[in-house]
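Worksheet: the structure to be examined is printed underneath.
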Amino acid sequence: MLATSVPVTPPQERQSRPRDLEELVVGLQKREDGALEALICSTESACYQLALSLLGDAELAKDALQDAYLLVYQRIEQLRDPSAFKSWLFRIVNHCCHDIHRRRRKEVETDFEERQDLQARHVDGDLAEDLSRQHKIRATFAQLPEIDRKAIALREVAQLSYDEMSRVLNIPLGTVRSRLAKARKRFIDIYKGASV
Amino acid sequence: MKNDNVTLDFQRFSEMLDNEETLESNGVGHDSDTGLLLELRRELRQTSAQATLPEGFAAATARAVQERQQAMSLPKRLLLRWEPVLRSSPFSKAAAPWLFAGGLLGLGVAVAALPLFFLLALVILSASPFLQLYYRKLPREVVFPELADPLGAKFYTPLFYMLPTVAALLTAGAAGQGLIALSEISLSFQTTRLFPIALAASLVVFVWLTNAFWPLWSALEKASRGTFFQTFVFQALHGLWLLAALRLVLGESLWSELSEMGLPLLAFLSGTLAITWTLGSRTAVEAAAPPLWPVVRRSFLGFLVGLVPLVLGLVVFYQASLTREIVSLPRYQQMQLTGQKWLAEVRAIPAQENGFVELAPLFLRRGSLSPEVEQTFGRLFSAKRLLSANRPKPGEGAPLEAREIETIRRNFLAELPRLEAALAKPKNSWYAVKPDILSRQPPDFSLGRDINQALQALQEESVARQDTAAALRYLETNLRWSKSWSEGVLIDLMIGVAMQRSALSPVERLLYESPLTKSELRQLLRLLDENRLPHDLFFLTMLRETYIMDANFARLESKDEQALGGLMGENNTAWLKLVPASYWRSERKAYANLQLSQRSDWSELRSGNSFEKETLVAMLPWNFSVRELYPNSGRAQDQFLMYLSFLDAQRLQVALELYRQDHGLFPERLQQLVPSYLEAVPVDATHPNRWARKGTFDYQRSGGSYHLVSRSPMWAAQNKPEQRYGPLAGWRHRQ
């Protein structure tokens, strides 16, 4: 099993970032020069990771990001509470990914699966076995319905809390819990079904 | 795909994974659920962490975003600018000021011109589907950061159910109103308990409808959240239902008035659009709406099941309300005998002895007329203008020229011998020449009235030029003409009474302004005596009236086509045939009971104490029109008594004048006129006692003249304390 470490943001940085983000939001609302670029800089990584996990394609994820930032730029004045910016941004990214996914449904799934096949083909031995399992995990994830992928991606990739997920998806907290549980259960069932 | 249900244990397990970020899979196999999910977590995070954006992505994206924003077209800019107002909940702070301003403006327009208000609202709201389509690309919950709308949340649900609930309420009200209306159009359903029964029926109908439809409404409420067209279709359908129920409640005439202004349609369209626009602010619910067909079936079954007790209740109510017995069989039989005897006499009149046989083509016109009849009709019809020429009223248009008046007079006089020849025959009966002897429709009495007015005009002209012979001739023709109309049912009697009043109106002027000889005075008195309608004619007329209606009810009971067509018009017979025979049988008996209960009133002829039943008017789409069937006999009786009083006062004045010419002065008492001038001193018909005990006129000699007064509470109804006659009285005001 590959030991991989996921970069963890130090608590101090995490606390300072929201304050900076709020300042950036206020600056963008005032249409200050460079505010948009700074805001994008500050949030592009998290948004990109989320979009990529939802769409499975880098170019499509970038397109989704551009659409999302346009919507943010157009409607930033409607945000009265800058501290709610993060969940709002993720909501918009989620919507833009959904839009692209709806328009290019088959392309996204095919690209995702093809990429996994290509990766698995070029390694041997134990590595091949590990890669095969990774490939299977990713392939299983790709087979999940969009609603399940969204729930898992928001939790595992964007690392949103249940409250934040509730705001992003506009569903009650209880529904967040049950939806996440259903998505994980479905993942397990598909994975085990493929293993038999 | 495995099924979606997860156990509570699994859900707890899922939450545990999220609460322990550093949970490691030490000792857990790869295929265990925990290990698998942790691996998924690692894979996703690793993949994401490796995903990086190229250098300069932020700057390029910012540039691209600003360029795209600047390249936006003007309409899109405007839609973006107004989006917070147009898409906000009407209860939110963003929309509130605009709604307030719009409301004030709308109120001003509505006060100025209500149809314009609805038209403007319709035009504005018609844009909402297009806006909805445009904005649908970007759901509200994505665009608006603050979704909380606590105020709106309280109103959306009641607003959604408002139209269907009001429609059900109005339908229930119409049902109750229909029951009460039965008491206005039917004689059988006269019960003091009808109002509580109608109220209970309304309540039952309301509960039935809402109970049947509620599951469907509730399911559609959930399914239509966040959609425009589904919401609009729901609201529009129930708006139409509401309109239909409103029409039933308001009635034909008021509805027609509103429809002429286009108000119902405009209100419907603008109302449903306004509600749909407001409800468009609701956030779509992620939870799936229940499947509709089972709900539709449930609603339909509820509708049917609730219908059964309603129908049973209606049947029980109907059966319990029917009139099944004639209260007084002897009276009923006497009425039947009287009517049958009268019709037998009418049918036995030989044609050559009936003066109206020759006049029938004029007064019972069917189809096209011959040129000769057409000419006669035209001459008689236009003759009434002689009366208005004598007494022009301001604002009635240009007066007739003298030449025109002369032509009208000459034409009428050319036709007069025909009328006089008809009146000279032994009998004058319209019923003998009517195609349907049982029909209550009189011949063209307006033409008869035209002749009556023309003769009155000729009387007045004769009096004015002091031609007493001509005045008496026209008076005689007019009195006989009007008397000939009075034999029949109540409407015939009332037409005759009205004509006689017209014929008598110039008598006082003739008496006091013309030098009448004794012979002429006696002739005048004889005319008045001979043409006076007897007081018991009212009683006979009412028995005939009851008989004719009884016979017509029997024809309705047997679904006779002619009778049905005569009731509601020939185009309405189809649905009238659906009315059960038991209804008409019940109505016949109820009518007979009601009429015959007034029998003593008809014979006693108490003034001002008659059975009063206002003319019944049904303000509903269906109109069996008891007004046609049940006459306002109370008012008719009063008119008859006033006529008798007036005519007897004329007789007294003529007799007093004769006495004066014979004796040089007026008598001290009216009794002195008997038997030389009058057979008996006439009673004052307007006296409140029953006929046998009525008092007479107040008479007082005064110097070389006298006062003759009728004092009766009946005159007070005409804003007069009394009715005065005689040379000193204001008889000129009656001209």
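Ordering of the structure tokens sets the chain letters (A, B, ...); residue numbers start at 1 within each chain; ligands are numbered from 1 in the order shown.
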
Sorted per-residue table, chain B near chain A, closest atoms and distance, 6 Å, only C-alpha atoms, as a tab-separated table:
residue	atom	partner	partner_atom	distance
B:Gln11	CA	A:Ala181	CA	5.3
B:Ser14	CA	A:Ala181	CA	5.5
B:Arg41	CA	A:Glu156	CA	5.8
B:Arg45	CA	A:Val157	CA	5.6
B:Ser48	CA	A:Gln49	CA	4.9
B:Ala58	CA	A:Cys41	CA	5.4
B:Ala59	CA	A:Glu37	CA	5.5
B:Ala62	CA	A:Glu37	CA	5.3
B:Val65	CA	A:Leu70	CA	5.2
B:Val142	CA	A:Ile92	CA	5.9
B:Pro145	CA	A:Leu79	CA	5.8

Would you save the residues of that selection, restricted to C-alpha atoms, as a PDB file, in the first residue's frame?
ATOM      1  CA  GLN B  11     -24.395   6.084   8.849  1.00  0.00           C
ATOM      2  CA  SER B  14     -19.618   7.136   7.963  1.00  0.00           C
ATOM      3  CA  ARG B  41      -9.788   9.364   0.695  1.00  0.00           C
ATOM      4  CA  ARG B  45      -6.497  13.806  -1.947  1.00  0.00           C
ATOM      5  CA  SER B  48      -5.969  16.553  -6.088  1.00  0.00           C
ATOM      6  CA  ALA B  58      -4.892  33.608 -11.903  1.00  0.00           C
ATOM      7  CA  ALA B  59      -3.819  36.620 -13.944  1.00  0.00           C
ATOM      8  CA  ALA B  62      -8.811  37.574 -14.150  1.00  0.00           C
ATOM      9  CA  VAL B  65     -13.196  37.375 -16.788  1.00  0.00           C
ATOM     10  CA  VAL B 142     -26.442  29.337  -6.613  1.00  0.00           C
ATOM     11  CA  PRO B 145     -25.506  33.911  -1.077  1.00  0.00           C
TER      12      PRO B 145
END

Checklist line | Non-local contacts of Gly178 (chain B) (9 Å; only C-alpha atoms; under 3 positions in same chain excluded) as a list in words | finding: Gly173, Ala174, Ala175, Ala181, Leu182, Ala198, Leu248, Val249 and Leu620 of chain B

Notebook entry, point to check: Nearest to Leu343 (chain B) among B:Met261, B:Leu458, B:Leu670, B:Val489, with distances taken over only C-alpha atoms: which residue is it?
Noted result: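 Using only C-alpha atoms, Leu343 (chain B) sits closest to B:Val489.
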
Notebook entry, point to check: Any idea what's packed within 10 Å of Thr517 (chain B), counting only C-alpha atoms, ignoring anything in its chain fewer than 6 positions away? Could you give it as a list in words?
Noted result: Thr468, Gln523, Leu658 and Gln661 of chain B

Limited to all heavy atoms, could you put the picked residues into a file as a JSON list (two decimals), in the first residue's frame?
[["chain", "number", "residue", "atom", "x", "y", "z"],
["B", 468, "THR", "N", -118.68, 68.24, -26.77],
["B", 468, "THR", "CA", -119.04, 67.23, -25.76],
["B", 468, "THR", "C", -119.51, 65.94, -26.40],
["B", 468, "THR", "O", -119.28, 64.85, -25.87],
["B", 468, "THR", "CB", -120.14, 67.78, -24.84],
["B", 468, "THR", "OG1", -121.23, 68.26, -25.65],
["B", 468, "THR", "CG2", -119.60, 68.91, -23.99],
["B", 523, "GLN", "N", -125.99, 60.44, -19.93],
["B", 523, "GLN", "CA", -125.26, 59.53, -20.82],
["B", 523, "GLN", "C", -123.90, 59.20, -20.21],
["B", 523, "GLN", "O", -123.45, 58.05, -20.22],
["B", 523, "GLN", "CB", -125.07, 60.18, -22.19],
["B", 523, "GLN", "CG", -124.35, 59.27, -23.20],
["B", 523, "GLN", "CD", -124.01, 59.99, -24.51],
["B", 523, "GLN", "OE1", -124.33, 61.17, -24.70],
["B", 523, "GLN", "NE2", -123.35, 59.29, -25.39],
["B", 658, "LEU", "N", -125.68, 66.27, -11.70],
["B", 658, "LEU", "CA", -127.05, 66.08, -12.16],
["B", 658, "LEU", "C", -128.03, 66.60, -11.09],
["B", 658, "LEU", "O", -129.01, 67.29, -11.40],
["B", 658, "LEU", "CB", -127.31, 64.59, -12.41],
["B", 658, "LEU", "CG", -127.11, 64.10, -13.84],
["B", 658, "LEU", "CD1", -127.21, 62.58, -13.90],
["B", 658, "LEU", "CD2", -128.13, 64.73, -14.81],
["B", 661, "GLN", "N", -128.16, 70.32, -11.07],
["B", 661, "GLN", "CA", -128.91, 70.90, -12.20],
["B", 661, "GLN", "C", -130.42, 70.75, -11.97],
["B", 661, "GLN", "O", -131.21, 71.61, -12.37],
["B", 661, "GLN", "CB", -128.51, 70.22, -13.51],
["B", 661, "GLN", "CG", -127.13, 70.64, -14.00],
["B", 661, "GLN", "CD", -126.92, 70.40, -15.49],
["B", 661, "GLN", "OE1", -127.84, 69.99, -16.21],
["B", 661, "GLN", "NE2", -125.70, 70.65, -15.97]]

Note to self: Neighbouring residues of Leu265 (chain B) were defined as those with any atom within 10 Å, considering only C-alpha atoms; residues of the same chain fewer than 3 positions away were excluded. Please report them as a list in words.
What the structure shows: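 The residues that qualify are Phe118, Leu119, Leu240, Leu243, Leu258, Ser259, Met261, Gly262, Phe268, Leu269, Ser270 and Gly271 of chain B.
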
Those selected residues, please, written with all heavy atoms and delivered as a PDB file, in the first residue's frame.
ATOM      1  N   PHE B 118     -55.302  46.154 -14.481  1.00  0.00           N
ATOM      2  CA  PHE B 118     -55.125  44.726 -14.751  1.00  0.00           C
ATOM      3  C   PHE B 118     -54.357  44.504 -16.045  1.00  0.00           C
ATOM      4  O   PHE B 118     -53.542  43.583 -16.142  1.00  0.00           O
ATOM      5  CB  PHE B 118     -56.491  44.038 -14.837  1.00  0.00           C
ATOM      6  CG  PHE B 118     -57.087  43.738 -13.498  1.00  0.00           C
ATOM      7  CD1 PHE B 118     -58.307  44.273 -13.131  1.00  0.00           C
ATOM      8  CD2 PHE B 118     -56.430  42.920 -12.592  1.00  0.00           C
ATOM      9  CE1 PHE B 118     -58.849  43.998 -11.887  1.00  0.00           C
ATOM     10  CE2 PHE B 118     -56.967  42.646 -11.351  1.00  0.00           C
ATOM     11  CZ  PHE B 118     -58.189  43.189 -11.000  1.00  0.00           C
ATOM     12  N   LEU B 119     -54.610  45.387 -17.013  1.00  0.00           N
ATOM     13  CA  LEU B 119     -53.907  45.233 -18.286  1.00  0.00           C
ATOM     14  C   LEU B 119     -52.414  45.458 -18.101  1.00  0.00           C
ATOM     15  O   LEU B 119     -51.582  44.705 -18.614  1.00  0.00           O
ATOM     16  CB  LEU B 119     -54.494  46.247 -19.281  1.00  0.00           C
ATOM     17  CG  LEU B 119     -54.214  46.000 -20.755  1.00  0.00           C
ATOM     18  CD1 LEU B 119     -54.767  44.647 -21.162  1.00  0.00           C
ATOM     19  CD2 LEU B 119     -54.867  47.098 -21.587  1.00  0.00           C
ATOM     20  N   LEU B 240     -59.073  29.248 -12.938  1.00  0.00           N
ATOM     21  CA  LEU B 240     -60.244  29.042 -13.801  1.00  0.00           C
ATOM     22  C   LEU B 240     -61.395  28.459 -12.987  1.00  0.00           C
ATOM     23  O   LEU B 240     -62.557  28.858 -13.156  1.00  0.00           O
ATOM     24  CB  LEU B 240     -59.893  28.103 -14.955  1.00  0.00           C
ATOM     25  CG  LEU B 240     -59.041  28.718 -16.059  1.00  0.00           C
ATOM     26  CD1 LEU B 240     -58.617  27.659 -17.060  1.00  0.00           C
ATOM     27  CD2 LEU B 240     -59.803  29.835 -16.769  1.00  0.00           C
ATOM     28  N   LEU B 243     -62.904  31.208 -11.046  1.00  0.00           N
ATOM     29  CA  LEU B 243     -63.735  32.078 -11.888  1.00  0.00           C
ATOM     30  C   LEU B 243     -65.101  31.445 -12.119  1.00  0.00           C
ATOM     31  O   LEU B 243     -66.133  32.121 -12.060  1.00  0.00           O
ATOM     32  CB  LEU B 243     -63.059  32.326 -13.233  1.00  0.00           C
ATOM     33  CG  LEU B 243     -62.004  33.425 -13.292  1.00  0.00           C
ATOM     34  CD1 LEU B 243     -61.503  33.581 -14.713  1.00  0.00           C
ATOM     35  CD2 LEU B 243     -62.539  34.751 -12.788  1.00  0.00           C
ATOM     36  N   LEU B 258     -69.252  42.778 -15.439  1.00  0.00           N
ATOM     37  CA  LEU B 258     -67.810  42.690 -15.231  1.00  0.00           C
ATOM     38  C   LEU B 258     -67.119  42.191 -16.490  1.00  0.00           C
ATOM     39  O   LEU B 258     -66.026  42.656 -16.831  1.00  0.00           O
ATOM     40  CB  LEU B 258     -67.506  41.735 -14.071  1.00  0.00           C
ATOM     41  CG  LEU B 258     -67.997  42.167 -12.702  1.00  0.00           C
ATOM     42  CD1 LEU B 258     -67.772  41.061 -11.685  1.00  0.00           C
ATOM     43  CD2 LEU B 258     -67.308  43.436 -12.244  1.00  0.00           C
ATOM     44  N   SER B 259     -67.774  41.259 -17.179  1.00  0.00           N
ATOM     45  CA  SER B 259     -67.148  40.681 -18.378  1.00  0.00           C
ATOM     46  C   SER B 259     -67.022  41.704 -19.488  1.00  0.00           C
ATOM     47  O   SER B 259     -66.083  41.663 -20.265  1.00  0.00           O
ATOM     48  CB  SER B 259     -67.970  39.491 -18.876  1.00  0.00           C
ATOM     49  OG  SER B 259     -68.001  38.490 -17.914  1.00  0.00           O
ATOM     50  N   MET B 261     -66.214  44.663 -19.199  1.00  0.00           N
ATOM     51  CA  MET B 261     -64.983  45.431 -18.975  1.00  0.00           C
ATOM     52  C   MET B 261     -63.749  44.532 -19.072  1.00  0.00           C
ATOM     53  O   MET B 261     -62.633  45.004 -18.922  1.00  0.00           O
ATOM     54  CB  MET B 261     -65.034  46.076 -17.582  1.00  0.00           C
ATOM     55  CG  MET B 261     -66.114  47.124 -17.459  1.00  0.00           C
ATOM     56  SD  MET B 261     -65.981  48.039 -15.917  1.00  0.00           S
ATOM     57  CE  MET B 261     -66.680  46.903 -14.741  1.00  0.00           C
ATOM     58  N   GLY B 262     -63.974  43.249 -19.285  1.00  0.00           N
ATOM     59  CA  GLY B 262     -62.826  42.346 -19.396  1.00  0.00           C
ATOM     60  C   GLY B 262     -62.158  42.060 -18.071  1.00  0.00           C
ATOM     61  O   GLY B 262     -61.049  41.510 -18.032  1.00  0.00           O
ATOM     62  N   PHE B 268     -57.808  37.250 -13.759  1.00  0.00           N
ATOM     63  CA  PHE B 268     -57.335  35.867 -13.739  1.00  0.00           C
ATOM     64  C   PHE B 268     -55.886  35.773 -14.198  1.00  0.00           C
ATOM     65  O   PHE B 268     -55.042  35.198 -13.518  1.00  0.00           O
ATOM     66  CB  PHE B 268     -58.243  35.016 -14.629  1.00  0.00           C
ATOM     67  CG  PHE B 268     -57.616  33.741 -15.097  1.00  0.00           C
ATOM     68  CD1 PHE B 268     -57.393  32.691 -14.226  1.00  0.00           C
ATOM     69  CD2 PHE B 268     -57.237  33.584 -16.425  1.00  0.00           C
ATOM     70  CE1 PHE B 268     -56.813  31.512 -14.656  1.00  0.00           C
ATOM     71  CE2 PHE B 268     -56.664  32.409 -16.857  1.00  0.00           C
ATOM     72  CZ  PHE B 268     -56.443  31.378 -15.982  1.00  0.00           C
ATOM     73  N   LEU B 269     -55.602  36.359 -15.346  1.00  0.00           N
ATOM     74  CA  LEU B 269     -54.246  36.236 -15.904  1.00  0.00           C
ATOM     75  C   LEU B 269     -53.222  36.949 -15.018  1.00  0.00           C
ATOM     76  O   LEU B 269     -52.178  36.383 -14.686  1.00  0.00           O
ATOM     77  CB  LEU B 269     -54.211  36.817 -17.313  1.00  0.00           C
ATOM     78  CG  LEU B 269     -54.887  35.947 -18.386  1.00  0.00           C
ATOM     79  CD1 LEU B 269     -54.943  36.681 -19.710  1.00  0.00           C
ATOM     80  CD2 LEU B 269     -54.153  34.623 -18.547  1.00  0.00           C
ATOM     81  N   SER B 270     -53.523  38.173 -14.636  1.00  0.00           N
ATOM     82  CA  SER B 270     -52.526  38.906 -13.848  1.00  0.00           C
ATOM     83  C   SER B 270     -52.390  38.294 -12.466  1.00  0.00           C
ATOM     84  O   SER B 270     -51.293  38.242 -11.906  1.00  0.00           O
ATOM     85  CB  SER B 270     -52.879  40.392 -13.761  1.00  0.00           C
ATOM     86  OG  SER B 270     -54.198  40.561 -13.342  1.00  0.00           O
ATOM     87  N   GLY B 271     -53.503  37.810 -11.896  1.00  0.00           N
ATOM     88  CA  GLY B 271     -53.448  37.193 -10.574  1.00  0.00           C
ATOM     89  C   GLY B 271     -52.605  35.929 -10.570  1.00  0.00           C
ATOM     90  O   GLY B 271     -51.725  35.742  -9.723  1.00  0.00           O
TER      91      GLY B 271
END

Next item on the list: Just give me the gap between CA of Leu447 (chain B) and CA of Phe377 (chain B) in Å, one decimal is fine.
Entry: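 Atom-to-atom, CA of Leu447 (chain B) to CA of Phe377 (chain B), that is 8.3 Å.
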
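Computed from the coordinates, the CA of Gly226 (chain B) to CA of Thr272 (chain B) distance equals 16.0 Å.
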
Note to self: So the first atom is CA of Leu533 (chain B) and the second is CA of Gly496 (chain B); what is the distance between them in Å, to one decimal place?
What the structure shows: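 About the pair CA of Leu533 (chain B) and CA of Gly496 (chain B): they are 9.1 Å apart.
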
Next item on the list: Show which residues sit within 12 Å of Leu301 (chain B), as a PyMOL selection string. Count only C-alpha atoms, and ignore same-chain residues fewer than 6 positions away.
Entry: chain B and resi 208-209+211-213+215-216+294-295+307-308

Note to self: DSSP on the backbone, helix (DSSP H, G or I) only: what residues of region 101-244 of chain B does that give? Format it as a PyMOL selection string.
What the structure shows: chain B and resi 101-112+114-135+140-143+150-185+194-223+229-244

Item checked: Nearby residues (only C-alpha atoms) at most 10 Å from Leu359 (chain B), same-chain spacing under 4 positions excluded, as a PyMOL selection string -> chain B and resi 354-355+363-364+373+418-419+422+430+433
